[in-house]
Amino acid sequence: MVSQTLTIPNLRAGSDYLCELSLGNPMLAEEQMAVFLDALTASPPEPDTLLTLLEEARVPLAFIEEEMAKRYHNKPLVLSDEEENCFRRVLAAWERMSTAYALCARLLAPFSESPQFAAKVATILHRCLYYTGMVVLEHFRARREVPASVWHDLNSYYETAEQLSVTFTPVNDSLETPLQATHCAAAYVTVLLIEVANPYSKSVRNLNLIRRWAGMWAPLVSLHPVDDEYEVPPYVVELKKDAPIHPTSSTDYLGPDARRLDTSRLGLQVSHTLSQLHQRMSPSQLGLGEETAGHMIVLLEHLSRPWTQTASRRKFQRFASKGTARVAAGFEAIYFFLGGIDFVQADSARTYSRGEFDELFAFRDRATPGQSLGHRPEVNFTTDQWHVIDHSANGFRLARGLAGQRLAYSQLLAICPHDGERFLLAQVSWLMQEADGGLVAGLAIQPGMPEAVRARRPAAKGAQGDRYQRAFLLPGVPAIHQEASIVMPKGLYQASGTLELIDGGKPFLVRMNHVKQRGVDFDRITYEAI
């Protein structure tokens with residue numbers, strides 16, 4: 001454990017402490033950094049020394065907290081106790097930095113109008129915006145509801161920057177934009193752009209890309225007071241409210257704190273970037289990252305509407321609902337509820353599990369020669385009960401309490417709707433844990449009535465075949481231009497490969513074509529009969 005008694009009287013003492021951080025052990029280094037920041041806020045040195053030490057702490061802190069965050073990123077909800085503890089510690093680190101910079105601003109008073117002083121204040125407010133934004137981003141990456149007051153803090157820091165006329169004062173930020181200066185308005189807009197990108201429906205991988213692009217292009221967005229009552233913008237942010245950017249229609253009165261976002265230049269940039277990617281320019285050349293061009297094109301096309309403040313067109317109308325849906329998770333449970341029977345290997349020879357073999361060996365005197373072991377594991381699959389909030393032709397919005405199976409974003413599920421008797425296949429399209437601990441999820445129904453089958457890649461001549469795995473056939477739906485497809489566990493797909501299926505009776509072969517959909521635990525592919 002790190003000693004909790006520490007004082008930082010001067011710059012040399014603080015720099016020496018930071019040099020001795022145990023970066024090879026992120027858990028220990030995080031404790032050391034917490035002690036360091038608490039010491040700075042409990043007994044702060046001179047304002048300039050405090051600011052310098054906070055700036056020195058930024059790079060090691062970013063490394064430490066990203067390492068800590070790997071312990072709960074992409075993990076199913078609800079988080080385990082260890083994962084939850086890491087999440088809380090990362091949040092506390094971002095909050096400590098924001099608090100320390102805010103303290104630095106208070107210690108600098110009274111304010112001066114000199115350019116040097118304005119640059120210093122702009123840097124401090126930028127960091128307050130940055131670390132409050134990191135609190136928001138961390139909630140998104142952990143799929144947690146952003147708690148009350150966080151948006152109020154973010155809006156207040158930006159409002160202070162406006163009042164002190166340092167909104168566009170250049171600020172260096174080596175963590176985000178090492179090649180060019182940024183400013184307070186860009187730091188603020190970055191968080192707003194991430195929030196409107198529907199973050200709970202994005203993977204952590206995509207959220208990190210969105211964060212990178214939002215920070216890179218935020219200077220293209222400008223904020224203006226709403227001063228034309230005859231041309232009301234579609235979306236506004238109100239600086240005195242605890243809310244992010246929201247539709248103007250949800251506000252009864254727009255006061256002087258209302259700001260509209262001009263995203264016209266951002267829209268042109270997104271269109272231009274998409275055009276360059278379609279012309280086969282590499283993403284790394286454009287500064288977009290190291291992902292594939294195809295992946296980035298899909299993501300940018302999804303971002304083009306929210307980032308240009310264009311209302312998303314809903315394909316199917318939603319209807320408020322009341323009732324309880326039954327939800328099953330995992331291929332084993334889904335196969336059981338779709339097929340009505342437990343999965344059994346179609347091998348010619350019976351294969352015993354280790355437990356069955358031990359029982360057969362222990363009680364062999366009771367076994368009849370030539371008779372198979374009359375032992376079968378008890379099937380005990382369960383479903384979770386979810387409250388239906390609303391539904392449409394292609395999905396459901398559901399809610400439940402803490403009790404139930406852990407759920408992952410993009411996971412395959414089977415759902416028996418509140419107004420139906422048969423299970424359907426669905427994928428978790430977005431997922432969030434509310435402040436009270438309950439889960440809210442959006443489920444996208446996969447087209448067609450699913451059928452449970454057994455699948456494996458056929459063996460070469462003279463070789464032993466693979467074991468059969470659970471899979472699901474989805475018939476074609478011509479009305480919505482959906483081809484017949486197979487949903488199967490990850491790792492089974494092989495481009496143009498052959499698949500052997502058993503649908504109740506005799507095996508038959510199909511050729512695997514294209515991947516239509518991917519999830520955390522499944523692939524959905526089209527196929528053709530051989």
# chains A, B, ... in the order shown; residues from 1 in each chain; ligands from 1
>>> select_by_dssp(residues="stretch 88-203 of chain A", states="strand (DSSP E or B)", output="PyMOL selection string")
chain A and resi 144+171-173+177-182
>>> write_last_selection(atoms="N, CA and C atoms", output="mmCIF file, in the first residue's frame")
data_model
loop_
_atom_site.group_PDB
_atom_site.id
_atom_site.type_symbol
_atom_site.label_atom_id
_atom_site.label_comp_id
_atom_site.auth_asym_id
_atom_site.auth_seq_id
_atom_site.Cartn_x
_atom_site.Cartn_y
_atom_site.Cartn_z
ATOM 1 N N ARG A 144 -22.285 3.063 -19.028
ATOM 2 C CA ARG A 144 -22.948 3.513 -17.822
ATOM 3 C C ARG A 144 -23.633 4.841 -18.081
ATOM 4 N N VAL A 171 -4.197 26.734 -27.092
ATOM 5 C CA VAL A 171 -3.714 25.912 -25.975
ATOM 6 C C VAL A 171 -2.996 24.702 -26.564
ATOM 7 N N ASN A 172 -1.839 24.381 -26.046
ATOM 8 C CA ASN A 172 -1.125 23.167 -26.473
ATOM 9 C C ASN A 172 -1.635 21.970 -25.682
ATOM 10 N N ASP A 173 -1.841 20.861 -26.385
ATOM 11 C CA ASP A 173 -2.294 19.631 -25.726
ATOM 12 C C ASP A 173 -1.616 18.447 -26.403
ATOM 13 N N THR A 177 -3.686 16.600 -29.603
ATOM 14 C CA THR A 177 -3.319 17.181 -30.891
ATOM 15 C C THR A 177 -1.882 17.696 -30.826
ATOM 16 N N PRO A 178 -0.904 16.806 -30.930
ATOM 17 C CA PRO A 178 0.499 17.220 -30.783
ATOM 18 C C PRO A 178 0.998 18.126 -31.901
ATOM 19 N N LEU A 179 0.341 18.122 -33.065
ATOM 20 C CA LEU A 179 0.846 18.873 -34.208
ATOM 21 C C LEU A 179 0.239 20.264 -34.325
ATOM 22 N N GLN A 180 -0.810 20.574 -33.569
ATOM 23 C CA GLN A 180 -1.430 21.881 -33.681
ATOM 24 C C GLN A 180 -2.057 22.266 -32.347
ATOM 25 N N ALA A 181 -2.240 23.570 -32.155
ATOM 26 C CA ALA A 181 -2.861 24.056 -30.921
ATOM 27 C C ALA A 181 -4.355 23.813 -30.974
ATOM 28 N N THR A 182 -4.956 23.719 -29.807
ATOM 29 C CA THR A 182 -6.397 23.580 -29.695
ATOM 30 C C THR A 182 -6.913 24.731 -28.837
#
>>> closest_atom_pairs(of="stretch 172-277 of chain A", to="stretch 407-430 of chain A", cutoff="12 Å", atoms="only C-alpha atoms", output="CSV")
residue,atom,partner,partner_atom,distance
A:Asn198,CA,A:Trp430,CA,8.8
A:Pro199,CA,A:Trp430,CA,8.5
A:Tyr200,CA,A:Trp430,CA,5.3
A:Ser201,CA,A:Trp430,CA,4.1
A:Lys202,CA,A:Trp430,CA,7.3
A:Ser203,CA,A:Tyr409,CA,7.4
A:Val204,CA,A:Tyr409,CA,9.9
>>> atom_distance(atom1="atom CA of A:Pro247", atom2="atom CA of A:Trp151")
15.9 Å
>>> residues_around(residues="stretch 92-103 of chain A", least_positions_apart="6", cutoff="6 Å", atoms="only C-alpha atoms", output="PyMOL selection string")
chain A and resi 41+124+128+131
>>> closest_residue(among="A:Leu28, A:Val78, A:Met488, A:Val510", to="A:Ile334", atoms="only C-alpha atoms")
A:Met488
>>> residues_around(residues="stretch 386-393 of chain A", least_positions_apart="3", cutoff="9 Å", atoms="only C-alpha atoms", output="list in words")
Phe316, Gln317, Arg318, Phe319, Ala320, Ser321, Lys322, Gly323, Thr324, Ala325, Arg326, Val327, Phe396, Arg397, Leu398, Ala399, Arg400, Gly401, Pro417, His418 and Ile445 of chain A
>>> residues_around(residues="A:Leu303", least_positions_apart="6", cutoff="10 Å", atoms="only C-alpha atoms", output="PyMOL selection string")
chain A and resi 193-194+196-198+210+267+270+297+309
>>> write_last_selection(atoms="N, CA and C atoms", output="PDB file, in the first residue's frame")
ATOM      1  N   LEU A 193     -19.804  16.155 -29.578  1.00  0.00           N
ATOM      2  CA  LEU A 193     -19.851  15.313 -30.773  1.00  0.00           C
ATOM      3  C   LEU A 193     -19.847  13.832 -30.411  1.00  0.00           C
ATOM      4  N   ILE A 194     -19.096  13.458 -29.389  1.00  0.00           N
ATOM      5  CA  ILE A 194     -19.100  12.055 -28.952  1.00  0.00           C
ATOM      6  C   ILE A 194     -20.480  11.675 -28.436  1.00  0.00           C
ATOM      7  N   VAL A 196     -23.493  12.889 -29.199  1.00  0.00           N
ATOM      8  CA  VAL A 196     -24.555  12.778 -30.208  1.00  0.00           C
ATOM      9  C   VAL A 196     -24.328  11.595 -31.142  1.00  0.00           C
ATOM     10  N   ALA A 197     -23.187  10.916 -31.022  1.00  0.00           N
ATOM     11  CA  ALA A 197     -22.868   9.795 -31.916  1.00  0.00           C
ATOM     12  C   ALA A 197     -23.493   8.485 -31.457  1.00  0.00           C
ATOM     13  N   ASN A 198     -24.470   8.546 -30.549  1.00  0.00           N
ATOM     14  CA  ASN A 198     -25.141   7.343 -30.032  1.00  0.00           C
ATOM     15  C   ASN A 198     -24.111   6.380 -29.442  1.00  0.00           C
ATOM     16  N   ILE A 210     -14.109   7.465 -32.761  1.00  0.00           N
ATOM     17  CA  ILE A 210     -14.976   8.648 -32.738  1.00  0.00           C
ATOM     18  C   ILE A 210     -14.345   9.756 -31.902  1.00  0.00           C
ATOM     19  N   GLY A 267     -19.590  18.934 -41.660  1.00  0.00           N
ATOM     20  CA  GLY A 267     -20.264  18.097 -42.650  1.00  0.00           C
ATOM     21  C   GLY A 267     -19.474  18.006 -43.948  1.00  0.00           C
ATOM     22  N   VAL A 270     -16.468  15.665 -43.353  1.00  0.00           N
ATOM     23  CA  VAL A 270     -16.844  14.249 -43.353  1.00  0.00           C
ATOM     24  C   VAL A 270     -17.085  13.769 -44.787  1.00  0.00           C
ATOM     25  N   ILE A 297     -15.261   3.739 -43.398  1.00  0.00           N
ATOM     26  CA  ILE A 297     -16.333   4.263 -44.254  1.00  0.00           C
ATOM     27  C   ILE A 297     -17.690   4.016 -43.610  1.00  0.00           C
ATOM     28  N   GLN A 309     -26.317  17.374 -37.655  1.00  0.00           N
ATOM     29  CA  GLN A 309     -27.579  17.707 -36.985  1.00  0.00           C
ATOM     30  C   GLN A 309     -28.780  17.439 -37.881  1.00  0.00           C
TER      31      GLN A 309
END
>>> closest_atom_pairs(of="stretch 38-86 of chain A", to="stretch 512-525 of chain A", cutoff="12 Å", atoms="only C-alpha atoms", output="Markdown table")
| residue | atom | partner | partner_atom | distance |
| --- | --- | --- | --- | --- |
| A:Asn74 | CA | A:Val520 | CA | 9.5 |
| A:Lys75 | CA | A:Val520 | CA | 10.6 |
| A:Pro76 | CA | A:Val520 | CA | 10.4 |
>>> residues_around(residues="A:Arg58", least_positions_apart="5", cutoff="9 Å", atoms="only C-alpha atoms", output="list in words")
Leu53, Phe63, Met97 and Leu175 of chain A
>>> closest_residue(among="A:Thr498, A:Thr123, A:Gln32, A:Thr526", to="A:Thr5", atoms="only C-alpha atoms")
A:Gln32
>>> select_by_dssp(residues="stretch 143-298 of chain A", states="alpha helix (DSSP H)", output="number ranges by chain")
A: 150-163, 184-196, 204-217, 264-278, 293-298
>>> atom_distance(atom1="atom CA of A:Val166", atom2="atom CA of A:Ala39")
29.2 Å
>>> residues_around(residues="A:His224", least_positions_apart="4", cutoff="10 Å", atoms="only C-alpha atoms", output="ChimeraX atom specification")
/A:236,258-262
>>> closest_residue(among="A:Thr190, A:Ser156, A:Ser264, A:Thr169", to="A:Gln116", atoms="only C-alpha atoms")
A:Thr169
>>> closest_residue(among="A:Leu473, A:Val59, A:Leu288, A:Ala333", to="A:Arg211", atoms="only C-alpha atoms")
A:Leu288
>>> atom_distance(atom1="atom CA of A:Phe87", atom2="atom CA of A:Leu137")
12.0 Å
>>> closest_residue(among="A:Ala142, A:Gln446, A:Tyr253, A:Glu30", to="A:Val477", atoms="only C-alpha atoms")
A:Gln446
